Amino acid sequence: MAADTGDSGAPDTENLSVSEVEELYNAALADVQASASLTAEQRKQRGQRLAALSKALRAAKRKPPEKTKRPEWQSYPEPTALPKCSDDPRYVRSFSIDDAQRAKEFFERYGFVVFNDVLEPGECEATVSEIWTSLEERTPGLRRDGPETWSLLSSERYGLPEEQAVFTPQMVANRQNPRVYAALDAVLPRIGHLEDFDSPHPEPDSVVVTQDRWCIYRPAADDETWRTAENLHLDVNPWTYAGLKATEIESLRYGSEDFSDHRFPLQDFRAELTAVQGRGCPTGEHVQGVLNLLDNLEEDGGTRVVPGFHRSFMPWLESLGAMEDNLSQCGQHDNWVLRRAAGGGSFKFSNLDPLHGLSRRIPLRAGSFLLWNQLVVHGSCANRSHNFRMAQFITGFRAGEMTPGRAWARAAAVQRLCSGLPLSPLAPHVFGISEQSCEAPRPQPVTRGTSRERMACDHVLGTVPQGDAEGLLKAFEDFHLHCRPLIHVGGQKGEHLDAAVRERKPKRALELGTYLGYSAVRIARCLPDGATLYTVEEDAQNATLAEASIAHAGLSAKIVVLLGTVETLKPKLLELAPFDFVFLDHQKALYLEEIQRLEAWRLVRHGTTVVADNIGGCNRADCRRVTCGCAYARYVRSSGSYCSRFFWGSRDGIEVSSAIKPEIPDHCVAPCLRRLST
Ligand SMILES: C[S@@+](CC[C@H](N)C(=O)[O-])C[C@H]1O[C@@H](n2cnc3c(N)ncnc32)[C@H](O)[C@@H]1O
């Protein structure tokens, strides 16, 4: 035990454990309690000592728990120096597709391998362009060639899109690329002949590609908030993999009948990776991969792996004990399993785990394909450079792993999701579909940009009972979350929209940007009796889909869909004016011009509540600075014509502003906004 400095001085407890400080404290307490016969000075000294120890004890308890050596650390692999590429040591050794035998040896030893020149430059470029197009479609104001707009992107979700799998033309083409196929085929364990093999895939050893997504890391050299979170994990429930817990992987049906089984296909494409149960194959059953699209050096951020972990997997799992003892992160040193659908899960490592020191970043050239055994711990490092990182994830397994029920349902779902996209001769192997199998009741190819909207409405109208407005809102939200992203206002900001409508109680409301009718239904269900919402949509297809949603919600009597823009509909809108509630949700870049036009035409007057979506500027969860707003936000916040409040959603916010121009009586202004204006 550490020395203390005497009866009256503060003891030195800096290097003592909590229990040692506690012992000193208890002794000092006993001294104080037994000090009745001492002088006043002696009692004072003992009191001071007790107070100092009480403070020291509180401080010791606040210290992070001491690291104890954990049994599982014993099974971690030895630190590994990876062989470098002979002509450029910034990269690890990589292999050509023709060098499959040596690539497989490397893969078996280290648990990962890099194949070079898998995608050609043109294919990388087309994939990058497709990712930008998706981002621009879902992020109003974003331009790939406008660095000043990149702040609109988010670094949440590790740079991944919201949907669980992406079906855009080049991504689908890459999944059927012969060099991608050859790389997966080179490292996956073979199954060989299977009696009674009943499958849409030609052979048990056909390589099935999982339907995955892409990721983008922004150049984060100068802005830490653009960095994605760093992590290490396994994309499998280790106990399920080892057969210690049940898997329901063979019950997956990938929403095979137009989502009528209430499961979305994309959820099941994730579950087929995380709910794998091993067949005792030492090299693992699934291979995960990153198809790299831009040259990616150490500082550009990206994938890291723990070489050799696949060989440590079983001893490591045994040292963890029961799954039930690993269900949550109680202390900051704890690793834990996150359980997912169908008995699957992923295993997360604490940021303090020494395994981080054994992980190695794998820089990759554009067009390279990094593959790792599913049993290899992996994760990502953040970007710290001036370059983007962009990649497509592709993982694979052998068709013979699936029972017929799963295999046929899966192929049907892939066929639907790939409808209208070109199929290569490898499509029967990778997807279980071919041009011939698609010929029968194949859906008409849909024009780009509209398919997800149609799919969303088909799903909503097919699953929600007629007249159930709340159910309809929830179904759109579920589709957005689990199937394809939509650009509706969403539930979180929607609640603020509801509150603004209920507070203003408008007789006549106007919406710019109907889309599929989600916000129109939200607004209309909050309107007082006899009130009407006029909603303006310039896209004819969206307007038609919205009318169907609105009718299905039973709100056609309260909502009028107008096809056009404010400008083309001017005479009609002038007839209807004034509006006491306006929702702007068409194009953020037009908001300022639009509100000033509405003011000039007297469609917006004193007392009109104007709500605008997608406000907040930076579009980042950690940026809630209202001053970060756009020209529109600056106008409503500082022109003096409005009283304005801002509500944060998850990626951006909603602005609720009440017009307070003097010529209209003040009683029209919503009460809470009147308070704000004083
Ligand atoms: C973000 S979405 C609207 C979402 C909808 N308010 C919701 O939350 O459900 C934008 C819609 O505005 C439409 N749009 C774009 N520019 C427009 C304009 N100038 N006038 C009317 N609609 C427009 C688009 O076609 C798209 O359907």
# chains A, B, ... in the order shown; residues from 1 in each chain; ligands from 1

$ residues_near_ligand --ligand "ligand 1" --cutoff "7 Å" --atoms "only C-alpha atoms and all ligand atoms" --output "PyMOL selection string"
chain A and resi 487-490+512-520+536-539+542+564-566+585-587

$ write_last_selection --atoms "N, CA and C atoms" --output "compact mmCIF listing (two decimals), in the first residue's frame"
# COMPACT_ATOMS: atom_id res chain seq x y z
N ILE A 487 -37.78 9.73 -50.97
CA ILE A 487 -37.41 11.09 -50.59
C ILE A 487 -38.59 11.82 -49.93
N HIS A 488 -39.38 11.08 -49.19
CA HIS A 488 -40.49 11.68 -48.45
C HIS A 488 -39.94 12.32 -47.16
N VAL A 489 -40.77 13.13 -46.51
CA VAL A 489 -40.30 13.87 -45.35
C VAL A 489 -39.96 12.94 -44.18
N GLY A 490 -40.62 11.80 -44.10
CA GLY A 490 -40.30 10.81 -43.06
C GLY A 490 -41.00 11.05 -41.74
N LEU A 512 -45.97 22.15 -52.03
CA LEU A 512 -45.20 22.10 -53.28
C LEU A 512 -44.29 20.88 -53.22
N GLY A 513 -44.52 19.91 -54.08
CA GLY A 513 -43.74 18.66 -54.07
C GLY A 513 -44.54 17.54 -53.43
N THR A 514 -45.42 16.90 -54.23
CA THR A 514 -46.31 15.87 -53.69
C THR A 514 -45.59 14.54 -53.54
N TYR A 515 -44.75 14.22 -54.55
CA TYR A 515 -44.05 12.93 -54.63
C TYR A 515 -45.09 11.80 -54.60
N LEU A 516 -45.08 10.92 -53.60
CA LEU A 516 -46.01 9.79 -53.61
C LEU A 516 -47.22 10.02 -52.70
N GLY A 517 -47.32 11.24 -52.18
CA GLY A 517 -48.50 11.58 -51.38
C GLY A 517 -48.31 11.34 -49.88
N TYR A 518 -47.08 10.97 -49.48
CA TYR A 518 -46.86 10.67 -48.06
C TYR A 518 -47.15 11.91 -47.20
N SER A 519 -46.51 13.04 -47.52
CA SER A 519 -46.71 14.22 -46.67
C SER A 519 -48.12 14.79 -46.84
N ALA A 520 -48.69 14.62 -48.04
CA ALA A 520 -50.07 15.10 -48.25
C ALA A 520 -51.01 14.37 -47.30
N VAL A 536 -49.02 20.39 -55.20
CA VAL A 536 -48.53 20.63 -56.56
C VAL A 536 -47.36 19.69 -56.86
N GLU A 537 -47.45 19.00 -57.99
CA GLU A 537 -46.39 18.06 -58.38
C GLU A 537 -46.13 18.23 -59.87
N GLU A 538 -44.85 18.38 -60.22
CA GLU A 538 -44.57 18.61 -61.65
C GLU A 538 -44.37 17.32 -62.42
N ASP A 539 -44.13 16.19 -61.74
CA ASP A 539 -43.89 14.93 -62.44
C ASP A 539 -45.20 14.15 -62.55
N ASN A 542 -45.38 10.71 -60.71
CA ASN A 542 -45.52 10.85 -59.26
C ASN A 542 -46.93 11.31 -58.90
N GLY A 564 -48.21 20.25 -62.22
CA GLY A 564 -47.56 21.45 -62.75
C GLY A 564 -46.62 22.06 -61.72
N THR A 565 -46.34 23.35 -61.91
CA THR A 565 -45.51 24.07 -60.94
C THR A 565 -46.29 25.32 -60.52
N VAL A 566 -45.75 26.04 -59.54
CA VAL A 566 -46.44 27.27 -59.10
C VAL A 566 -46.63 28.21 -60.28
N ASP A 585 -41.54 21.53 -50.26
CA ASP A 585 -40.74 20.30 -50.25
C ASP A 585 -40.52 19.82 -51.68
N HIS A 586 -40.16 20.77 -52.57
CA HIS A 586 -39.94 20.35 -53.97
C HIS A 586 -38.46 20.43 -54.32
N GLN A 587 -37.88 21.63 -54.32
CA GLN A 587 -36.45 21.75 -54.60
C GLN A 587 -35.91 22.83 -53.68

$ residues_around --residues "Gly301 of chain A" --least-positions-apart "6" --cutoff "7 Å" --atoms "only C-alpha atoms" --output "list of chain:residue names"
A:Cys381, A:Ala382, A:Asn383, A:Arg384, A:Arg389

$ write_last_selection --atoms "N, CA and C atoms" --output "compact mmCIF listing (two decimals), in the first residue's frame"
# COMPACT_ATOMS: atom_id res chain seq x y z
N CYS A 381 -11.07 1.80 -41.49
CA CYS A 381 -10.38 2.97 -40.95
C CYS A 381 -10.94 4.20 -41.67
N ALA A 382 -10.93 5.32 -40.98
CA ALA A 382 -11.51 6.54 -41.55
C ALA A 382 -10.58 7.16 -42.58
N ASN A 383 -11.15 7.98 -43.42
CA ASN A 383 -10.38 8.73 -44.42
C ASN A 383 -9.67 9.91 -43.74
N ARG A 384 -8.40 10.11 -44.09
CA ARG A 384 -7.65 11.26 -43.57
C ARG A 384 -6.92 11.96 -44.71
N ARG A 389 -12.85 7.68 -51.16
CA ARG A 389 -12.80 6.22 -51.25
C ARG A 389 -14.16 5.77 -51.76

$ closest_residue --among "A:Leu188, A:Ala500, A:Val172, A:Ala409" --to "Leu426 of chain A" --atoms "only C-alpha atoms"
A:Val172

$ select_by_dssp --residues "segment 392-607 of chain A" --states "strand (DSSP E or B)" --output "PyMOL selection string"
chain A and resi 392-393+396-398+508-512+532-537+559-563+581-584

$ closest_residue --among "A:Asp468, A:Glu230, A:Glu250, A:Asp580" --to "Leu510 of chain A" --atoms "only C-alpha atoms"
A:Asp580

$ decode --residues "segment 399-514 of chain A" --atoms "C-alpha atoms" --output "mmCIF file, in the first residue's frame"
data_model
loop_
_atom_site.group_PDB
_atom_site.id
_atom_site.type_symbol
_atom_site.label_atom_id
_atom_site.label_comp_id
_atom_site.auth_asym_id
_atom_site.auth_seq_id
_atom_site.Cartn_x
_atom_site.Cartn_y
_atom_site.Cartn_z
ATOM 1 C CA ALA A 399 -25.293 -22.690 -54.593
ATOM 2 C CA GLY A 400 -25.247 -26.201 -53.103
ATOM 3 C CA GLU A 401 -25.463 -24.645 -49.636
ATOM 4 C CA MET A 402 -29.107 -23.692 -50.152
ATOM 5 C CA THR A 403 -32.134 -25.975 -49.782
ATOM 6 C CA PRO A 404 -34.479 -25.878 -52.820
ATOM 7 C CA GLY A 405 -37.120 -23.747 -51.052
ATOM 8 C CA ARG A 406 -34.638 -20.974 -50.321
ATOM 9 C CA ALA A 407 -32.828 -21.226 -53.644
ATOM 10 C CA TRP A 408 -35.972 -20.890 -55.789
ATOM 11 C CA ALA A 409 -37.435 -18.081 -53.670
ATOM 12 C CA ARG A 410 -34.124 -16.239 -53.809
ATOM 13 C CA ALA A 411 -33.869 -16.523 -57.586
ATOM 14 C CA ALA A 412 -37.448 -15.241 -57.969
ATOM 15 C CA ALA A 413 -36.638 -12.197 -55.824
ATOM 16 C CA VAL A 414 -33.416 -11.467 -57.731
ATOM 17 C CA GLN A 415 -35.262 -11.809 -61.022
ATOM 18 C CA ARG A 416 -37.791 -9.215 -59.901
ATOM 19 C CA LEU A 417 -35.146 -6.850 -58.583
ATOM 20 C CA CYS A 418 -32.989 -7.162 -61.727
ATOM 21 C CA SER A 419 -35.928 -6.753 -64.077
ATOM 22 C CA GLY A 420 -35.048 -4.796 -67.196
ATOM 23 C CA LEU A 421 -31.289 -5.055 -66.592
ATOM 24 C CA PRO A 422 -28.949 -6.947 -68.954
ATOM 25 C CA LEU A 423 -28.021 -10.494 -67.934
ATOM 26 C CA SER A 424 -24.713 -12.155 -68.830
ATOM 27 C CA PRO A 425 -24.112 -15.878 -69.503
ATOM 28 C CA LEU A 426 -23.058 -16.131 -65.853
ATOM 29 C CA ALA A 427 -26.457 -14.963 -64.575
ATOM 30 C CA PRO A 428 -27.739 -18.568 -64.097
ATOM 31 C CA HIS A 429 -24.777 -19.247 -61.785
ATOM 32 C CA VAL A 430 -24.663 -16.008 -59.816
ATOM 33 C CA PHE A 431 -28.397 -15.195 -59.718
ATOM 34 C CA GLY A 432 -30.130 -18.468 -60.624
ATOM 35 C CA ILE A 433 -31.837 -16.654 -63.519
ATOM 36 C CA SER A 434 -31.330 -16.338 -67.275
ATOM 37 C CA GLU A 435 -32.821 -14.446 -70.196
ATOM 38 C CA GLN A 436 -35.045 -17.519 -70.835
ATOM 39 C CA SER A 437 -36.275 -17.822 -67.263
ATOM 40 C CA CYS A 438 -37.112 -14.136 -67.339
ATOM 41 C CA GLU A 439 -39.129 -14.382 -70.527
ATOM 42 C CA ALA A 440 -42.394 -15.727 -69.107
ATOM 43 C CA PRO A 441 -44.216 -13.285 -66.791
ATOM 44 C CA ARG A 442 -41.391 -10.786 -66.766
ATOM 45 C CA PRO A 443 -42.391 -7.280 -65.630
ATOM 46 C CA GLN A 444 -41.974 -4.523 -68.192
ATOM 47 C CA PRO A 445 -38.667 -2.695 -67.849
ATOM 48 C CA VAL A 446 -39.327 0.486 -65.968
ATOM 49 C CA THR A 447 -37.780 3.816 -66.803
ATOM 50 C CA ARG A 448 -34.869 4.833 -64.624
ATOM 51 C CA GLY A 449 -35.712 6.737 -61.472
ATOM 52 C CA THR A 450 -39.307 5.637 -61.331
ATOM 53 C CA SER A 451 -39.073 1.950 -60.453
ATOM 54 C CA ARG A 452 -38.612 2.372 -56.725
ATOM 55 C CA GLU A 453 -41.567 4.764 -56.576
ATOM 56 C CA ARG A 454 -43.787 2.237 -58.369
ATOM 57 C CA MET A 455 -42.492 -0.575 -56.190
ATOM 58 C CA ALA A 456 -43.169 1.492 -53.081
ATOM 59 C CA CYS A 457 -46.759 2.232 -54.084
ATOM 60 C CA ASP A 458 -47.390 -1.378 -55.155
ATOM 61 C CA HIS A 459 -46.142 -2.504 -51.774
ATOM 62 C CA VAL A 460 -48.135 0.079 -49.808
ATOM 63 C CA LEU A 461 -51.389 -0.437 -51.697
ATOM 64 C CA GLY A 462 -50.942 -4.207 -51.596
ATOM 65 C CA THR A 463 -50.357 -4.475 -47.860
ATOM 66 C CA VAL A 464 -52.315 -1.667 -46.176
ATOM 67 C CA PRO A 465 -56.102 -1.921 -45.726
ATOM 68 C CA GLN A 466 -58.156 0.664 -47.604
ATOM 69 C CA GLY A 467 -58.774 3.774 -45.491
ATOM 70 C CA ASP A 468 -55.887 3.167 -43.066
ATOM 71 C CA ALA A 469 -53.959 6.446 -43.370
ATOM 72 C CA GLU A 470 -51.652 5.700 -40.411
ATOM 73 C CA GLY A 471 -50.882 2.236 -41.806
ATOM 74 C CA LEU A 472 -50.089 3.793 -45.173
ATOM 75 C CA LEU A 473 -47.576 6.217 -43.623
ATOM 76 C CA LYS A 474 -45.918 3.377 -41.724
ATOM 77 C CA ALA A 475 -45.746 1.203 -44.846
ATOM 78 C CA PHE A 476 -43.950 3.968 -46.793
ATOM 79 C CA GLU A 477 -41.519 4.375 -43.857
ATOM 80 C CA ASP A 478 -40.858 0.620 -43.744
ATOM 81 C CA PHE A 479 -40.274 0.475 -47.476
ATOM 82 C CA HIS A 480 -37.790 3.335 -47.183
ATOM 83 C CA LEU A 481 -35.987 1.673 -44.308
ATOM 84 C CA HIS A 482 -35.836 -1.877 -45.552
ATOM 85 C CA CYS A 483 -36.249 -1.824 -49.295
ATOM 86 C CA ARG A 484 -35.350 1.291 -51.290
ATOM 87 C CA PRO A 485 -34.799 4.850 -50.120
ATOM 88 C CA LEU A 486 -37.590 7.318 -50.778
ATOM 89 C CA ILE A 487 -37.406 11.091 -50.586
ATOM 90 C CA HIS A 488 -40.487 11.683 -48.447
ATOM 91 C CA VAL A 489 -40.295 13.873 -45.346
ATOM 92 C CA GLY A 490 -40.300 10.806 -43.062
ATOM 93 C CA GLY A 491 -41.683 10.076 -39.621
ATOM 94 C CA GLN A 492 -39.270 12.068 -37.478
ATOM 95 C CA LYS A 493 -39.650 15.420 -39.228
ATOM 96 C CA GLY A 494 -43.224 14.448 -40.075
ATOM 97 C CA GLU A 495 -44.175 14.790 -36.417
ATOM 98 C CA HIS A 496 -43.091 18.444 -36.460
ATOM 99 C CA LEU A 497 -45.066 18.911 -39.663
ATOM 100 C CA ASP A 498 -48.150 17.421 -37.973
ATOM 101 C CA ALA A 499 -47.694 19.725 -34.976
ATOM 102 C CA ALA A 500 -47.420 22.799 -37.212
ATOM 103 C CA VAL A 501 -50.637 21.870 -39.068
ATOM 104 C CA ARG A 502 -52.539 21.146 -35.849
ATOM 105 C CA GLU A 503 -51.369 24.421 -34.375
ATOM 106 C CA ARG A 504 -52.293 26.548 -37.397
ATOM 107 C CA LYS A 505 -55.608 24.732 -38.130
ATOM 108 C CA PRO A 506 -55.617 25.919 -41.758
ATOM 109 C CA LYS A 507 -58.743 26.081 -43.867
ATOM 110 C CA ARG A 508 -56.723 25.995 -47.063
ATOM 111 C CA ALA A 509 -53.262 24.506 -47.324
ATOM 112 C CA LEU A 510 -50.767 24.315 -50.174
ATOM 113 C CA GLU A 511 -47.952 21.815 -50.681
ATOM 114 C CA LEU A 512 -45.204 22.104 -53.278
ATOM 115 C CA GLY A 513 -43.743 18.661 -54.067
ATOM 116 C CA THR A 514 -46.313 15.872 -53.694
#
